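Here the structure comes first, spelled out in structure tokens, and everything after it is commentary.
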Amino acid sequence: MKEVLLIKNGELALKGLNRSTFEDILVKNMKRRLLASVGKFHFTKSQSTIVAEAAEDDIDFEQAVEVLKKVFGIAAFSRAAVCEKDFESIRKTALDYLGDDLRQVKTFKVNAKRSDKRFPMTSPEICREVGGKILSMYHHLTVDVHNPDVTVLLEIRDKAAYLNCERIISAGGIPVGSSGKALLLLSGGIDSPVAAYMMAKRGLVVDAIHFQSPPYTSERALMKVETLCEKLVNYCGEIRFFCVPFTEIQEALRDNCPSDYFTIIMRRLMLKIANRICDEYDYKALITGESVGQVASQTLAAL
């Protein structure tokens, strides 16, 4: 039985004449992420759905699901069985593909979408007939149209019919790379990685800069920052990491600046260094995790 991934791009459906540009970036991102850890897929765009079809026989769909959960631009997706657009094929596929799920629940309903209006049955007729066949095979089931344990989803499209019963929520947002690129000031705390996540979700390519001051900061602190980058890669894609030695600058500030201004001058110099990297590598913005009142140092005066 052939299986595919049906990808719903959510917010991208609201785009205007440049919608296809966003979709092309999303397909490129999905293709690169899946190829790196799962295998090769072919993608076909159809209305507000993108169909992902495995190009190899031994593709691990469970692993593909875990990858796509973290791709910005996908609102939701599902694993679906593909069948011919005739009722007997749909009935047989529904019983074969969804049997394990149906045996474990007590209530269900059928939702049908008929994009191909040439199909001889209306959506309510499809729901009624498929639901009747399921009830005749699984006598423990009852229909609950308001709060079912399982919803059988059937889509009749141009080239085939698709059956599934699980809608998987993904990361949402818009595709990374559709809004330009920015440089993240990455510390070892939680705020800056969260800021990176939020900005990547709005389509930014995010690279990172970190200021290291040995022996005042340890090698372990640098490893922590690198680990944070590795975790962000799952959502943001590849991250270019700049590590700036900052010890001499901090010591000069300590020796020559009033202590009351130490933190704010140090931050200003970090921003000036980050801005030089922005000029050289064409970053359009800086991202920080600063949040007023989040910690004692993040007062209005300090920020």
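So you can find residues: chains in the structure tokens are A, B, ... in the order shown, residues in each start at 1, and ligands are numbered from 1 in order.
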
Excluding A:Gly203 and its own-chain neighbours fewer than 5 positions away, which residues fall within 7 Å of it when counting only C-alpha atoms? Please give them as number ranges by chain. A: 174-179

Deliver the residues from the most recent selection as a file, using N, CA and C atoms, as a PDB file, in the first residue's frame.
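That gives us again_1.pdb:
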ATOM      1  N   ILE A 174       6.044  30.808   9.066  1.00  0.00           N
ATOM      2  CA  ILE A 174       6.362  30.872   7.643  1.00  0.00           C
ATOM      3  C   ILE A 174       7.778  30.309   7.438  1.00  0.00           C
ATOM      4  N   PRO A 175       8.119  29.892   6.224  1.00  0.00           N
ATOM      5  CA  PRO A 175       9.375  29.155   6.010  1.00  0.00           C
ATOM      6  C   PRO A 175      10.624  29.976   6.320  1.00  0.00           C
ATOM      7  N   VAL A 176      11.588  29.329   6.955  1.00  0.00           N
ATOM      8  CA  VAL A 176      12.887  29.956   7.200  1.00  0.00           C
ATOM      9  C   VAL A 176      13.518  30.320   5.853  1.00  0.00           C
ATOM     10  N   GLY A 177      13.968  31.558   5.754  1.00  0.00           N
ATOM     11  CA  GLY A 177      14.575  32.027   4.512  1.00  0.00           C
ATOM     12  C   GLY A 177      13.666  32.912   3.692  1.00  0.00           C
ATOM     13  N   SER A 178      12.423  33.089   4.123  1.00  0.00           N
ATOM     14  CA  SER A 178      11.486  33.908   3.356  1.00  0.00           C
ATOM     15  C   SER A 178      11.460  35.361   3.827  1.00  0.00           C
ATOM     16  N   SER A 179      12.190  35.690   4.912  1.00  0.00           N
ATOM     17  CA  SER A 179      12.157  37.047   5.466  1.00  0.00           C
ATOM     18  C   SER A 179      13.539  37.657   5.625  1.00  0.00           C
TER      19      SER A 179
END

Env of A:Thr49: 7 Å cut, atoms = only C-alpha atoms, seq-sep filter 2 positions within chain, self excluded. Answer as a VMD selection string. chain A and resid 6 to 9 45 to 47 51

Residues near stretch 91-99 of chain A, anyone? I mean within 8 Å using only C-alpha atoms, not counting same-chain ones fewer than 4 positions away, as an MDAnalysis selection string. chainID A and resid 81 83 87 103 130 133:134 163:165

Take the residues from that selection and put them in a file with N, CA and C atoms, as an mmCIF file, in the first residue's frame.
data_model
loop_
_atom_site.group_PDB
_atom_site.id
_atom_site.type_symbol
_atom_site.label_atom_id
_atom_site.label_comp_id
_atom_site.auth_asym_id
_atom_site.auth_seq_id
_atom_site.Cartn_x
_atom_site.Cartn_y
_atom_site.Cartn_z
ATOM 1 N N ALA A 81 -2.772 7.044 3.181
ATOM 2 C CA ALA A 81 -2.715 5.983 2.180
ATOM 3 C C ALA A 81 -3.314 6.500 0.874
ATOM 4 N N CYS A 83 -5.116 5.674 -2.798
ATOM 5 C CA CYS A 83 -5.897 4.636 -3.480
ATOM 6 C C CYS A 83 -6.572 5.213 -4.712
ATOM 7 N N PHE A 87 -15.175 3.784 -5.305
ATOM 8 C CA PHE A 87 -15.625 3.531 -3.941
ATOM 9 C C PHE A 87 -15.117 2.206 -3.385
ATOM 10 N N ARG A 103 -9.692 -0.526 15.700
ATOM 11 C CA ARG A 103 -9.887 -1.583 16.693
ATOM 12 C C ARG A 103 -9.618 -1.105 18.121
ATOM 13 N N VAL A 130 -18.829 5.227 3.499
ATOM 14 C CA VAL A 130 -17.604 4.741 4.141
ATOM 15 C C VAL A 130 -17.879 4.420 5.607
ATOM 16 N N LYS A 133 -19.666 1.076 5.914
ATOM 17 C CA LYS A 133 -18.782 -0.075 5.727
ATOM 18 C C LYS A 133 -17.927 -0.333 6.961
ATOM 19 N N ILE A 134 -17.465 0.736 7.590
ATOM 20 C CA ILE A 134 -16.663 0.583 8.808
ATOM 21 C C ILE A 134 -17.508 -0.025 9.931
ATOM 22 N N LEU A 163 -6.438 8.682 2.295
ATOM 23 C CA LEU A 163 -7.108 8.308 3.542
ATOM 24 C C LEU A 163 -6.145 8.425 4.710
ATOM 25 N N ASN A 164 -6.613 9.039 5.802
ATOM 26 C CA ASN A 164 -5.812 9.081 7.023
ATOM 27 C C ASN A 164 -6.729 9.328 8.214
ATOM 28 N N CYS A 165 -6.190 9.180 9.417
ATOM 29 C CA CYS A 165 -7.019 9.411 10.604
ATOM 30 C C CYS A 165 -6.265 10.158 11.695
#

For A:Tyr162, which of A:Ser115, A:Thr142, A:Gln298, A:Ser291 is the closest residue, counting only C-alpha atoms?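 Using only C-alpha atoms, A:Tyr162 sits closest to A:Ser115.
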
Top pick for closest residue to A:Arg79, considering A:Leu153, A:Tyr261, A:Thr122, A:Ala55 and counting only C-alpha atoms: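 So, comparing all the options, the nearest one is A:Leu153.
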
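Picture a line from atom CA of A:Ala64 to atom CA of A:Ser48; it runs 20.4 Å.
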
Which of these residues is nearest to A:Arg114, using only C-alpha atoms: A:Arg254, A:Lys70, A:His139, A:Lys159?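 Ranked by minimum distance to A:Arg114, first place goes to A:Lys159.
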
Counting only C-alpha atoms, closest pick from A:Leu26, A:Val206, A:Ala112, A:Leu271 relative to A:Thr151 is A:Ala112
